[in-house]
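Data from entry_38.cif: mmCIF, C-alpha atoms and all ligand atoms
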data_structure
loop_
_atom_site.group_PDB
_atom_site.id
_atom_site.type_symbol
_atom_site.label_atom_id
_atom_site.label_comp_id
_atom_site.auth_asym_id
_atom_site.auth_seq_id
_atom_site.Cartn_x
_atom_site.Cartn_y
_atom_site.Cartn_z
ATOM 1 C CA MET I 18 0.000 0.000 0.000
ATOM 2 C CA GLN I 19 1.224 3.497 -0.793
ATOM 3 C CA GLN I 20 2.488 5.561 2.139
ATOM 4 C CA SER I 21 0.219 8.524 1.288
ATOM 5 C CA TYR I 22 -2.841 6.229 1.300
ATOM 6 C CA LEU I 23 -1.820 4.680 4.634
ATOM 7 C CA ILE I 24 -1.375 8.104 6.213
ATOM 8 C CA LYS I 25 -4.749 9.310 4.879
ATOM 9 C CA ARG I 26 -6.551 6.233 6.280
ATOM 10 C CA ILE I 27 -4.758 6.558 9.631
ATOM 11 C CA GLN I 28 -5.840 10.207 9.899
ATOM 12 C CA GLU I 29 -9.461 9.336 8.997
ATOM 13 C CA LEU I 30 -9.673 6.507 11.507
ATOM 14 C CA LYS I 31 -8.031 8.598 14.187
ATOM 15 C CA VAL I 32 -10.919 11.075 13.947
ATOM 16 C CA LYS I 33 -13.544 8.308 13.774
ATOM 17 C CA ARG I 34 -12.178 6.575 16.892
ATOM 18 C CA ASN I 35 -11.369 9.819 18.762
ATOM 19 C CA ALA I 36 -7.851 8.439 19.039
ATOM 20 C CA VAL I 37 -4.479 9.992 19.683
ATOM 21 C CA ILE I 38 -1.196 8.505 18.449
ATOM 22 C CA LEU I 39 1.769 8.625 20.827
ATOM 23 C CA SER I 40 5.246 7.614 19.678
ATOM 24 C CA HIS I 41 8.658 7.232 21.248
ATOM 25 C CA TYR I 42 11.676 8.812 19.530
ATOM 26 C CA TYR I 43 13.035 5.357 18.673
ATOM 27 C CA SER I 44 10.096 4.507 16.385
ATOM 28 C CA ARG I 45 10.496 4.491 12.620
ATOM 29 C CA PRO I 46 10.653 8.046 11.140
ATOM 30 C CA GLU I 47 7.370 7.657 9.218
ATOM 31 C CA VAL I 48 5.615 6.523 12.406
ATOM 32 C CA GLN I 49 6.978 9.503 14.374
ATOM 33 C CA ASP I 50 5.769 11.796 11.578
ATOM 34 C CA VAL I 51 2.173 10.555 11.753
ATOM 35 C CA ALA I 52 2.049 10.704 15.584
ATOM 36 C CA ASP I 53 0.280 13.496 17.494
ATOM 37 C CA PHE I 54 2.972 13.484 20.145
ATOM 38 C CA VAL I 55 6.562 12.177 20.129
ATOM 39 C CA GLY I 56 8.513 12.063 23.369
ATOM 40 C CA ASP I 57 10.686 10.252 25.855
ATOM 41 C CA SER I 58 9.203 7.826 28.382
ATOM 42 C CA LEU I 59 8.523 10.549 30.967
ATOM 43 C CA ALA I 60 6.834 12.942 28.544
ATOM 44 C CA LEU I 61 4.799 10.080 27.066
ATOM 45 C CA SER I 62 3.506 9.055 30.517
ATOM 46 C CA GLN I 63 2.558 12.674 31.246
ATOM 47 C CA GLU I 64 0.865 12.961 27.851
ATOM 48 C CA ALA I 65 -1.122 9.751 28.364
ATOM 49 C CA VAL I 66 -2.692 11.373 31.441
ATOM 50 C CA ARG I 67 -3.228 14.758 29.770
ATOM 51 C CA GLN I 68 -4.947 13.521 26.589
ATOM 52 C CA ASP I 69 -8.736 13.340 26.660
ATOM 53 C CA ALA I 70 -9.097 11.017 23.659
ATOM 54 C CA ASP I 71 -11.040 7.745 24.008
ATOM 55 C CA VAL I 72 -8.221 5.735 22.458
ATOM 56 C CA ILE I 73 -4.441 5.949 22.780
ATOM 57 C CA VAL I 74 -2.450 4.151 20.089
ATOM 58 C CA PHE I 75 1.021 3.638 21.503
ATOM 59 C CA CYS I 76 3.849 3.294 18.987
ATOM 60 C CA GLY I 77 6.498 1.835 21.204
ATOM 61 C CA VAL I 78 7.186 -1.263 23.262
ATOM 62 C CA HIS I 79 4.863 -3.083 25.622
ATOM 63 C CA PHE I 80 5.873 -1.392 28.895
ATOM 64 C CA MET I 81 5.104 2.024 27.384
ATOM 65 C CA GLY I 82 1.557 1.008 26.433
ATOM 66 C CA GLU I 83 1.155 -0.639 29.806
ATOM 67 C CA SER I 84 2.145 2.576 31.612
ATOM 68 C CA ALA I 85 -0.518 4.455 29.638
ATOM 69 C CA ALA I 86 -3.121 1.804 30.529
ATOM 70 C CA ILE I 87 -2.130 1.955 34.209
ATOM 71 C CA LEU I 88 -2.359 5.742 34.330
ATOM 72 C CA SER I 89 -5.480 6.132 32.171
ATOM 73 C CA PRO I 90 -7.789 3.186 32.898
ATOM 74 C CA LYS I 91 -10.812 4.806 31.228
ATOM 75 C CA LYS I 92 -9.030 5.019 27.853
ATOM 76 C CA THR I 93 -8.524 2.127 25.477
ATOM 77 C CA VAL I 94 -4.784 1.702 24.925
ATOM 78 C CA LEU I 95 -3.745 -0.054 21.715
ATOM 79 C CA LEU I 96 -0.351 -1.467 20.799
ATOM 80 C CA PRO I 97 -0.013 -1.892 17.017
ATOM 81 C CA GLU I 98 2.495 -4.713 17.594
ATOM 82 C CA ILE I 99 1.858 -6.940 20.594
ATOM 83 C CA ASP I 100 5.243 -8.698 20.289
ATOM 84 C CA ALA I 101 7.194 -5.443 20.654
ATOM 85 C CA THR I 102 8.654 -6.060 24.091
ATOM 86 C CA CYS I 103 11.681 -4.523 25.810
ATOM 87 C CA PRO I 104 14.313 -7.213 26.535
ATOM 88 C CA MET I 105 15.553 -5.266 29.558
ATOM 89 C CA ALA I 106 12.049 -5.163 31.077
ATOM 90 C CA ASP I 107 11.974 -8.966 30.806
ATOM 91 C CA MET I 108 15.234 -9.303 32.786
ATOM 92 C CA VAL I 109 13.588 -8.766 36.183
ATOM 93 C CA ASP I 110 11.034 -11.136 37.713
ATOM 94 C CA VAL I 111 8.652 -10.621 40.636
ATOM 95 C CA GLU I 112 9.926 -13.587 42.694
ATOM 96 C CA GLY I 113 13.545 -12.441 42.395
ATOM 97 C CA LEU I 114 12.580 -8.898 43.341
ATOM 98 C CA LYS I 115 10.637 -10.140 46.376
ATOM 99 C CA ARG I 116 13.740 -12.057 47.529
ATOM 100 C CA LEU I 117 15.875 -8.915 47.156
ATOM 101 C CA LYS I 118 13.301 -6.919 49.140
ATOM 102 C CA GLU I 119 13.459 -9.495 51.957
ATOM 103 C CA LYS I 120 17.259 -9.120 52.061
ATOM 104 C CA HIS I 121 16.987 -5.315 52.243
ATOM 105 C CA PRO I 122 13.726 -4.623 54.117
ATOM 106 C CA ASP I 123 14.520 -0.928 54.692
ATOM 107 C CA ALA I 124 15.392 -0.158 51.080
ATOM 108 C CA PRO I 125 12.514 1.180 48.956
ATOM 109 C CA VAL I 126 12.326 -0.176 45.411
ATOM 110 C CA VAL I 127 12.773 2.246 42.533
ATOM 111 C CA SER I 128 11.767 0.641 39.258
ATOM 112 C CA TYR I 129 12.781 2.098 35.937
ATOM 113 C CA VAL I 130 9.605 2.403 33.844
ATOM 114 C CA ASN I 131 11.199 -0.107 31.471
ATOM 115 C CA SER I 132 9.618 -2.875 33.539
ATOM 116 C CA SER I 133 6.354 -4.825 33.664
ATOM 117 C CA ALA I 134 3.221 -3.691 35.515
ATOM 118 C CA ALA I 135 3.825 -6.523 38.007
ATOM 119 C CA ILE I 136 7.292 -5.152 38.831
ATOM 120 C CA LYS I 137 5.932 -1.624 39.160
ATOM 121 C CA ALA I 138 3.294 -2.996 41.547
ATOM 122 C CA GLU I 139 6.121 -4.377 43.735
ATOM 123 C CA SER I 140 7.886 -0.997 43.736
ATOM 124 C CA TYR I 141 7.571 2.074 45.926
ATOM 125 C CA ILE I 142 8.220 4.485 43.071
ATOM 126 C CA CYS I 143 9.058 4.449 39.362
ATOM 127 C CA CYS I 144 11.554 6.567 37.464
ATOM 128 C CA THR I 145 12.542 7.247 33.877
ATOM 129 C CA SER I 146 15.949 8.146 32.493
ATOM 130 C CA ALA I 147 14.863 11.818 32.693
ATOM 131 C CA ASN I 148 14.218 11.868 36.453
ATOM 132 C CA ALA I 149 16.073 8.862 37.976
ATOM 133 C CA VAL I 150 18.487 10.966 40.073
ATOM 134 C CA GLU I 151 15.742 13.278 41.367
ATOM 135 C CA VAL I 152 13.481 10.319 42.186
ATOM 136 C CA VAL I 153 16.201 8.544 44.188
ATOM 137 C CA ASN I 154 17.178 11.753 45.987
ATOM 138 C CA SER I 155 13.539 12.393 46.887
ATOM 139 C CA LEU I 156 13.426 9.235 49.029
ATOM 140 C CA ASP I 157 13.798 9.290 52.794
ATOM 141 C CA ALA I 158 16.128 6.255 52.889
ATOM 142 C CA ASP I 159 19.896 5.668 52.937
ATOM 143 C CA GLU I 160 19.762 2.706 50.572
ATOM 144 C CA VAL I 161 17.604 2.018 47.583
ATOM 145 C CA ILE I 162 16.922 -1.058 45.419
ATOM 146 C CA PHE I 163 17.090 -0.075 41.757
ATOM 147 C CA VAL I 164 15.707 -2.346 38.999
ATOM 148 C CA PRO I 165 16.241 -3.506 36.295
ATOM 149 C CA ASP I 166 19.035 -1.495 34.601
ATOM 150 C CA LYS I 167 22.478 -1.831 36.195
ATOM 151 C CA ASN I 168 23.906 0.909 33.952
ATOM 152 C CA LEU I 169 21.264 3.474 34.900
ATOM 153 C CA ALA I 170 21.743 2.332 38.516
ATOM 154 C CA ALA I 171 25.496 3.034 38.262
ATOM 155 C CA TYR I 172 24.795 6.426 36.706
ATOM 156 C CA VAL I 173 22.427 7.323 39.563
ATOM 157 C CA ALA I 174 24.949 6.003 42.131
ATOM 158 C CA SER I 175 27.524 8.427 40.729
ATOM 159 C CA ARG I 176 25.123 11.323 41.420
ATOM 160 C CA THR I 177 23.679 10.519 44.841
ATOM 161 C CA ASP I 178 24.955 9.889 48.377
ATOM 162 C CA LYS I 179 22.515 7.006 48.781
ATOM 163 C CA LYS I 180 23.649 3.408 48.459
ATOM 164 C CA ILE I 181 22.191 1.874 45.310
ATOM 165 C CA ILE I 182 21.454 -1.856 45.300
ATOM 166 C CA PRO I 183 21.275 -2.673 41.582
ATOM 167 C CA TRP I 184 19.617 -5.456 39.623
ATOM 168 C CA GLU I 185 21.724 -7.127 36.927
ATOM 169 C CA GLY I 186 19.641 -6.074 33.912
ATOM 170 C CA HIS I 187 20.747 -4.052 30.916
ATOM 171 C CA CYS I 188 19.517 -2.776 27.566
ATOM 172 C CA PRO I 189 21.164 -4.890 24.840
ATOM 173 C CA THR I 190 21.081 -1.946 22.405
ATOM 174 C CA HIS I 191 22.936 0.437 24.722
ATOM 175 C CA HIS I 192 25.121 -2.141 26.478
ATOM 176 C CA GLN I 193 26.802 -3.165 23.229
ATOM 177 C CA ILE I 194 28.054 0.400 22.648
ATOM 178 C CA LEU I 195 31.699 0.220 23.730
ATOM 179 C CA ARG I 196 34.232 2.800 24.871
ATOM 180 C CA ASP I 197 36.298 1.947 21.794
ATOM 181 C CA ASP I 198 33.373 2.847 19.490
ATOM 182 C CA VAL I 199 33.257 6.277 21.122
ATOM 183 C CA LEU I 200 37.015 6.823 20.962
ATOM 184 C CA LYS I 201 37.069 5.948 17.248
ATOM 185 C CA MET I 202 34.178 8.316 16.497
ATOM 186 C CA LYS I 203 35.779 11.105 18.528
ATOM 187 C CA GLU I 204 38.983 10.679 16.524
ATOM 188 C CA LYS I 205 37.004 10.861 13.258
ATOM 189 C CA HIS I 206 34.950 13.885 14.394
ATOM 190 C CA PRO I 207 37.149 15.878 16.790
ATOM 191 C CA LEU I 208 34.820 18.895 16.889
ATOM 192 C CA ALA I 209 31.752 16.866 17.769
ATOM 193 C CA LYS I 210 30.258 16.640 21.273
ATOM 194 C CA PHE I 211 29.403 13.132 22.471
ATOM 195 C CA ILE I 212 25.912 12.899 23.976
ATOM 196 C CA ALA I 213 24.813 9.647 25.572
ATOM 197 C CA HIS I 214 21.837 7.916 27.163
ATOM 198 C CA PRO I 215 22.373 6.721 30.767
ATOM 199 C CA GLU I 216 21.601 3.120 29.733
ATOM 200 C CA CYS I 217 25.151 3.049 28.280
ATOM 201 C CA ARG I 218 28.002 1.438 30.219
ATOM 202 C CA PRO I 219 29.746 3.600 32.872
ATOM 203 C CA ASP I 220 33.048 3.662 30.954
ATOM 204 C CA VAL I 221 31.153 4.977 27.910
ATOM 205 C CA LEU I 222 29.366 7.658 29.966
ATOM 206 C CA GLU I 223 32.751 8.830 31.296
ATOM 207 C CA LEU I 224 33.476 10.091 27.766
ATOM 208 C CA ALA I 225 30.183 11.952 27.377
ATOM 209 C CA ASP I 226 29.785 15.743 27.242
ATOM 210 C CA CYS I 227 26.128 15.277 28.158
ATOM 211 C CA VAL I 228 24.212 12.343 29.673
ATOM 212 C CA ALA I 229 20.439 12.666 29.312
ATOM 213 C CA SER I 230 17.171 11.010 28.372
ATOM 214 C CA THR I 231 16.279 10.996 24.687
ATOM 215 C CA ARG I 232 14.369 14.260 25.080
ATOM 216 C CA GLY I 233 17.229 15.719 27.124
ATOM 217 C CA MET I 234 19.658 14.816 24.354
ATOM 218 C CA ILE I 235 17.506 16.652 21.796
ATOM 219 C CA MET I 236 17.269 19.741 24.013
ATOM 220 C CA TYR I 237 21.045 19.719 24.581
ATOM 221 C CA ALA I 238 21.843 19.473 20.849
ATOM 222 C CA LYS I 239 19.286 22.149 19.996
ATOM 223 C CA ASN I 240 20.519 24.636 22.575
ATOM 224 C CA SER I 241 24.245 24.005 22.187
ATOM 225 C CA PRO I 242 26.402 26.390 20.131
ATOM 226 C CA VAL I 243 28.201 23.291 18.800
ATOM 227 C CA ARG I 244 27.205 22.022 15.336
ATOM 228 C CA GLU I 245 28.223 18.331 15.376
ATOM 229 C CA PHE I 246 27.194 15.534 17.716
ATOM 230 C CA ILE I 247 28.043 11.873 18.169
ATOM 231 C CA ILE I 248 24.836 10.187 19.309
ATOM 232 C CA GLY I 249 25.196 7.522 21.993
ATOM 233 C CA THR I 250 21.758 5.979 21.870
ATOM 234 C CA GLU I 251 19.327 4.170 19.575
ATOM 235 C CA CYS I 252 19.658 5.453 15.998
ATOM 236 C CA GLY I 253 15.944 6.455 15.783
ATOM 237 C CA LEU I 254 16.718 9.572 17.819
ATOM 238 C CA ILE I 255 18.521 11.065 14.826
ATOM 239 C CA HIS I 256 15.135 11.730 13.166
ATOM 240 C CA GLY I 257 13.992 13.798 16.153
ATOM 241 C CA LEU I 258 17.342 15.589 16.265
ATOM 242 C CA HIS I 259 17.063 16.535 12.582
ATOM 243 C CA LYS I 260 13.568 17.878 13.158
ATOM 244 C CA ALA I 261 14.582 19.890 16.235
ATOM 245 C CA ALA I 262 17.839 21.292 14.845
ATOM 246 C CA PRO I 263 18.106 20.543 11.111
ATOM 247 C CA GLU I 264 21.122 22.778 10.604
ATOM 248 C CA LYS I 265 23.341 20.513 12.720
ATOM 249 C CA THR I 266 25.128 17.239 11.932
ATOM 250 C CA TYR I 267 24.614 13.983 13.842
ATOM 251 C CA TYR I 268 26.746 10.844 13.758
ATOM 252 C CA CYS I 269 25.218 7.614 15.003
ATOM 253 C CA ILE I 270 27.660 5.902 17.363
ATOM 254 C CA SER I 271 27.351 2.542 15.625
ATOM 255 C CA GLU I 272 25.317 0.848 12.922
ATOM 256 C CA PHE I 273 24.267 -1.670 15.601
ATOM 257 C CA ALA I 274 22.682 0.957 17.852
ATOM 258 C CA CYS I 275 19.208 -0.131 16.840
ATOM 259 C CA CYS I 276 16.413 -1.543 19.015
ATOM 260 C CA PRO I 277 14.623 -4.198 16.919
ATOM 261 C CA SER I 278 11.524 -4.050 19.142
ATOM 262 C CA MET I 279 11.093 -0.309 18.642
ATOM 263 C CA LYS I 280 11.195 -0.801 14.879
ATOM 264 C CA MET I 281 8.389 -3.382 14.788
ATOM 265 C CA VAL I 282 5.599 -0.831 14.420
ATOM 266 C CA ASN I 283 5.159 0.407 10.855
ATOM 267 C CA LEU I 284 2.366 2.338 9.135
ATOM 268 C CA GLU I 285 0.574 -0.862 8.027
ATOM 269 C CA LYS I 286 0.429 -2.149 11.610
ATOM 270 C CA LEU I 287 -0.635 1.257 12.884
ATOM 271 C CA LEU I 288 -3.522 1.341 10.398
ATOM 272 C CA ASP I 289 -4.460 -2.249 11.226
ATOM 273 C CA SER I 290 -4.495 -1.343 14.889
ATOM 274 C CA LEU I 291 -6.960 1.509 14.340
ATOM 275 C CA GLU I 292 -9.103 -0.528 11.944
ATOM 276 C CA LYS I 293 -9.411 -3.604 14.150
ATOM 277 C CA MET I 294 -8.985 -1.842 17.510
ATOM 278 C CA GLN I 295 -6.085 -4.154 18.352
ATOM 279 C CA HIS I 296 -4.094 -4.999 20.491
ATOM 280 C CA VAL I 297 -5.821 -3.739 23.631
ATOM 281 C CA VAL I 298 -3.433 -3.472 26.596
ATOM 282 C CA THR I 299 -4.963 -4.795 29.799
ATOM 283 C CA VAL I 300 -3.564 -4.922 33.320
ATOM 284 C CA PRO I 301 -5.287 -6.856 36.151
ATOM 285 C CA GLU I 302 -6.991 -4.257 38.366
ATOM 286 C CA ASP I 303 -5.180 -5.179 41.628
ATOM 287 C CA VAL I 304 -1.801 -4.904 39.848
ATOM 288 C CA ARG I 305 -2.821 -1.713 38.049
ATOM 289 C CA VAL I 306 -3.813 0.074 41.256
ATOM 290 C CA ARG I 307 -0.498 -0.722 42.974
ATOM 291 C CA ALA I 308 1.553 0.070 39.849
ATOM 292 C CA LYS I 309 -0.298 3.389 39.500
ATOM 293 C CA GLU I 310 0.727 4.378 43.022
ATOM 294 C CA ALA I 311 4.387 3.928 42.033
ATOM 295 C CA LEU I 312 3.906 5.886 38.794
ATOM 296 C CA ASP I 313 1.928 8.651 40.532
ATOM 297 C CA ARG I 314 4.695 9.066 43.115
ATOM 298 C CA MET I 315 7.156 9.480 40.253
ATOM 299 C CA LEU I 316 4.974 12.033 38.456
ATOM 300 C CA ALA I 317 4.782 14.069 41.677
ATOM 301 C CA VAL I 318 8.589 14.465 41.835
ATOM 302 C CA LYS I 319 9.717 17.834 40.487
ATOM 303 C CA VAL I 320 12.583 17.670 37.965
HETATM 304 P P1 LIG G 1 13.869 7.509 27.472
HETATM 305 O O1 LIG G 1 13.644 7.514 28.948
HETATM 306 O O2 LIG G 1 14.905 8.492 27.072
HETATM 307 O O3 LIG G 1 12.610 7.638 26.733
HETATM 308 O O4 LIG G 1 14.477 6.088 27.080
HETATM 309 C C1 LIG G 1 13.663 4.966 27.045
HETATM 310 C C2 LIG G 1 14.341 3.800 26.524
HETATM 311 O O5 LIG G 1 13.756 2.776 26.282
HETATM 312 C C3 LIG G 1 15.751 3.892 26.352
HETATM 313 O O6 LIG G 1 16.250 2.720 25.837
HETATM 314 FE FE1 LIG G 2 14.306 -1.643 25.834
HETATM 315 FE FE2 LIG G 2 16.732 -0.872 25.118
HETATM 316 FE FE3 LIG G 2 14.840 -1.064 23.277
HETATM 317 FE FE4 LIG G 2 14.791 0.902 25.121
HETATM 318 S S1 LIG G 2 16.285 0.596 23.506
HETATM 319 S S2 LIG G 2 13.071 -0.354 24.479
HETATM 320 S S3 LIG G 2 15.600 -0.201 26.912
HETATM 321 S S4 LIG G 2 15.710 -2.741 24.505
#
Take the structure in this file and express it as structure tokens.
Ligand code: 13P
Ligand code: SF4
Amino acid sequence: MQQSYLIKRIQELKVKRNAVILSHYYSRPEVQDVADFVGDSLALSQEAVRQDADVIVFCGVHFMGESAAILSPKKTVLLPEIDATCPMADMVDVEGLKRLKEKHPDAPVVSYVNSSAAIKAESYICCTSANAVEVVNSLDADEVIFVPDKNLAAYVASRTDKKIIPWEGHCPTHHQILRDDVLKMKEKHPLAKFIAHPECRPDVLELADCVASTRGMIMYAKNSPVREFIIGTECGLIHGLHKAAPEKTYYCISEFACCPSMKMVNLEKLLDSLEKMQHVVTVPEDVRVRAKEALDRMLAVKV
């Protein structure tokens, strides 16, 4: 089917369903372009609450749609691709987390939003990459359990006096970016600033001029007087960077910096989703209520 036809049908059905399309920056460029709102995980959670549409179509991975369903139970949340899951979110399990909680009964659990609803329900508070440090510092506790990303945990540990008890999860896309990749790119582009996502390894972040969430990286590049940037995150961000500051040049850190799950949604699947009202994200009510408490606590933290 032709792209122009797909876009026209998506727009028509969006009106018919009173739907809004939310997309993460890692989605395919054509999906970002048809979305009503593109953002990082924090902004997308805030937007899911703010929107008064009947239907939210979430172009992203499962945990993102789940967060929207947890926060906005009266709306129908659709995921165009039900198999788009985040491998890092799948690295932490409820039983293992319960055991860790028993070992550290005084440590509140901070769960990165890249986790299942069941993990959020076992947590005191959630965080995203945009507010992780502020969330941890907001807690009245000397030690904190942080799941599932060990790299984000290490980044937070470097910026707080609290003891961080990490889980051994990681994002495969960010974890395979190596210090050597950065050094080679810096040699090739000596005038470029290196901006990185905190899911990267600590020895990679040491080389960064700026560490921020995807939205934070866009704001940094846009507001910086510098004209060239090496991008230490998933390659999809380059589309958002070009839109925000088209006059600048961006170098993707590596051809492998791609999240296969985030690329699963395309325009055909988005149209299918609106046509068939699929795949509806559901969360058992008892889990949803507890997970919402953790997300609400996060949304109350000022960044
Ligand atoms: P953001 O918090 O920047 O949206 O990142 C989410 C994510 O999945 C990074 O891999
Ligand atoms: Fe998960 Fe990493 Fe993909 Fe983000 S980039 S959705 S953390 S696998």
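Closest approach to ligand LIG 2 (chain G) from the set I:Ala274, I:Ile212, I:Met105, I:Val66 is made by I:Met105, with distances taken over all atoms listed in the file.
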Q: Measuring atom to atom with all atoms listed in the file, identify which of I:Val51, I:Leu195, I:Ala261, I:Val150 is nearest to Ser21 in chain I.
A: I:Val51
Hey, which bits of chain I sit within 9 Å of ligand LIG 2 (chain G), and for each residue what's the closest pair of atoms and how far apart in Å (one decimal), counting only C-alpha atoms and all ligand atoms, rows by chain and increasing number, as JSON lines?
{"residue": "I:Tyr43", "atom": "CA", "partner": "G:LIG2", "partner_atom": "S1", "distance": 7.5}
{"residue": "I:Gly77", "atom": "CA", "partner": "G:LIG2", "partner_atom": "S2", "distance": 7.7}
{"residue": "I:Val78", "atom": "CA", "partner": "G:LIG2", "partner_atom": "S2", "distance": 6.1}
{"residue": "I:His79", "atom": "CA", "partner": "G:LIG2", "partner_atom": "S2", "distance": 8.7}
{"residue": "I:Phe80", "atom": "CA", "partner": "G:LIG2", "partner_atom": "S2", "distance": 8.5}
{"residue": "I:Met81", "atom": "CA", "partner": "G:LIG2", "partner_atom": "S2", "distance": 8.8}
{"residue": "I:Ala101", "atom": "CA", "partner": "G:LIG2", "partner_atom": "S2", "distance": 8.7}
{"residue": "I:Thr102", "atom": "CA", "partner": "G:LIG2", "partner_atom": "S2", "distance": 7.2}
{"residue": "I:Cys103", "atom": "CA", "partner": "G:LIG2", "partner_atom": "FE1", "distance": 3.9}
{"residue": "I:Pro104", "atom": "CA", "partner": "G:LIG2", "partner_atom": "S4", "distance": 5.1}
{"residue": "I:Met105", "atom": "CA", "partner": "G:LIG2", "partner_atom": "FE1", "distance": 5.3}
{"residue": "I:Ala106", "atom": "CA", "partner": "G:LIG2", "partner_atom": "FE1", "distance": 6.7}
{"residue": "I:Asn131", "atom": "CA", "partner": "G:LIG2", "partner_atom": "S3", "distance": 6.3}
{"residue": "I:Asp166", "atom": "CA", "partner": "G:LIG2", "partner_atom": "S3", "distance": 8.5}
{"residue": "I:His187", "atom": "CA", "partner": "G:LIG2", "partner_atom": "S3", "distance": 7.6}
{"residue": "I:Cys188", "atom": "CA", "partner": "G:LIG2", "partner_atom": "FE2", "distance": 4.2}
{"residue": "I:Pro189", "atom": "CA", "partner": "G:LIG2", "partner_atom": "S4", "distance": 5.9}
{"residue": "I:Thr190", "atom": "CA", "partner": "G:LIG2", "partner_atom": "FE2", "distance": 5.2}
{"residue": "I:His191", "atom": "CA", "partner": "G:LIG2", "partner_atom": "FE2", "distance": 6.4}
{"residue": "I:His192", "atom": "CA", "partner": "G:LIG2", "partner_atom": "FE2", "distance": 8.6}
{"residue": "I:Glu216", "atom": "CA", "partner": "G:LIG2", "partner_atom": "S3", "distance": 7.4}
{"residue": "I:Thr250", "atom": "CA", "partner": "G:LIG2", "partner_atom": "S1", "distance": 7.8}
{"residue": "I:Glu251", "atom": "CA", "partner": "G:LIG2", "partner_atom": "S1", "distance": 6.1}
{"residue": "I:Ala274", "atom": "CA", "partner": "G:LIG2", "partner_atom": "S1", "distance": 8.5}
{"residue": "I:Cys275", "atom": "CA", "partner": "G:LIG2", "partner_atom": "S1", "distance": 7.3}
{"residue": "I:Cys276", "atom": "CA", "partner": "G:LIG2", "partner_atom": "FE3", "distance": 4.6}
{"residue": "I:Pro277", "atom": "CA", "partner": "G:LIG2", "partner_atom": "FE3", "distance": 7.1}
{"residue": "I:Ser278", "atom": "CA", "partner": "G:LIG2", "partner_atom": "FE3", "distance": 6.1}
{"residue": "I:Met279", "atom": "CA", "partner": "G:LIG2", "partner_atom": "FE3", "distance": 6.0}
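Distance annotation: of I:Gly82, I:Pro90, I:Pro122, I:Gly56, the residue with the minimal separation from ligand LIG 1 (chain G) is I:Gly56; atom set is only C-alpha atoms and all ligand atoms.
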What are the nearest atom pairs, with distances in Å to one decimal, for all residues of chain I that come at most 7 Å from ligand LIG 1 (chain G), using only C-alpha atoms and all ligand atoms, set out by chain and rising residue number as JSON lines?
{"residue": "I:His41", "atom": "CA", "partner": "G:LIG1", "partner_atom": "O3", "distance": 6.8}
{"residue": "I:Gly56", "atom": "CA", "partner": "G:LIG1", "partner_atom": "O3", "distance": 6.9}
{"residue": "I:Asp57", "atom": "CA", "partner": "G:LIG1", "partner_atom": "O3", "distance": 3.4}
{"residue": "I:Ser58", "atom": "CA", "partner": "G:LIG1", "partner_atom": "O3", "distance": 3.8}
{"residue": "I:Leu59", "atom": "CA", "partner": "G:LIG1", "partner_atom": "O1", "distance": 6.3}
{"residue": "I:Asn131", "atom": "CA", "partner": "G:LIG1", "partner_atom": "O5", "distance": 6.5}
{"residue": "I:Thr145", "atom": "CA", "partner": "G:LIG1", "partner_atom": "O1", "distance": 5.1}
{"residue": "I:Ser146", "atom": "CA", "partner": "G:LIG1", "partner_atom": "O1", "distance": 4.3}
{"residue": "I:Ala147", "atom": "CA", "partner": "G:LIG1", "partner_atom": "O1", "distance": 5.8}
{"residue": "I:Cys188", "atom": "CA", "partner": "G:LIG1", "partner_atom": "O6", "distance": 6.6}
{"residue": "I:His214", "atom": "CA", "partner": "G:LIG1", "partner_atom": "O2", "distance": 7.0}
{"residue": "I:Glu216", "atom": "CA", "partner": "G:LIG1", "partner_atom": "O6", "distance": 6.6}
{"residue": "I:Ser230", "atom": "CA", "partner": "G:LIG1", "partner_atom": "O2", "distance": 3.6}
{"residue": "I:Thr231", "atom": "CA", "partner": "G:LIG1", "partner_atom": "O2", "distance": 3.7}
{"residue": "I:Arg232", "atom": "CA", "partner": "G:LIG1", "partner_atom": "O2", "distance": 6.1}
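Computed from the coordinates, the CA of Asp50 in chain I to CA of Lys286 in chain I distance equals 14.9 Å.
Counting all atoms listed in the file, the residue from I:Phe163, I:Asp157, I:Ile270, I:Leu258 that sits nearest to Ala213 in chain I is I:Ile270.
Across the structure, CA of Ala229 in chain I and CA of Asp197 in chain I are spaced 20.6 Å apart.
Taking CA of Ile248 in chain I and CA of Glu83 in chain I as the two end points, the separation is 28.1 Å.
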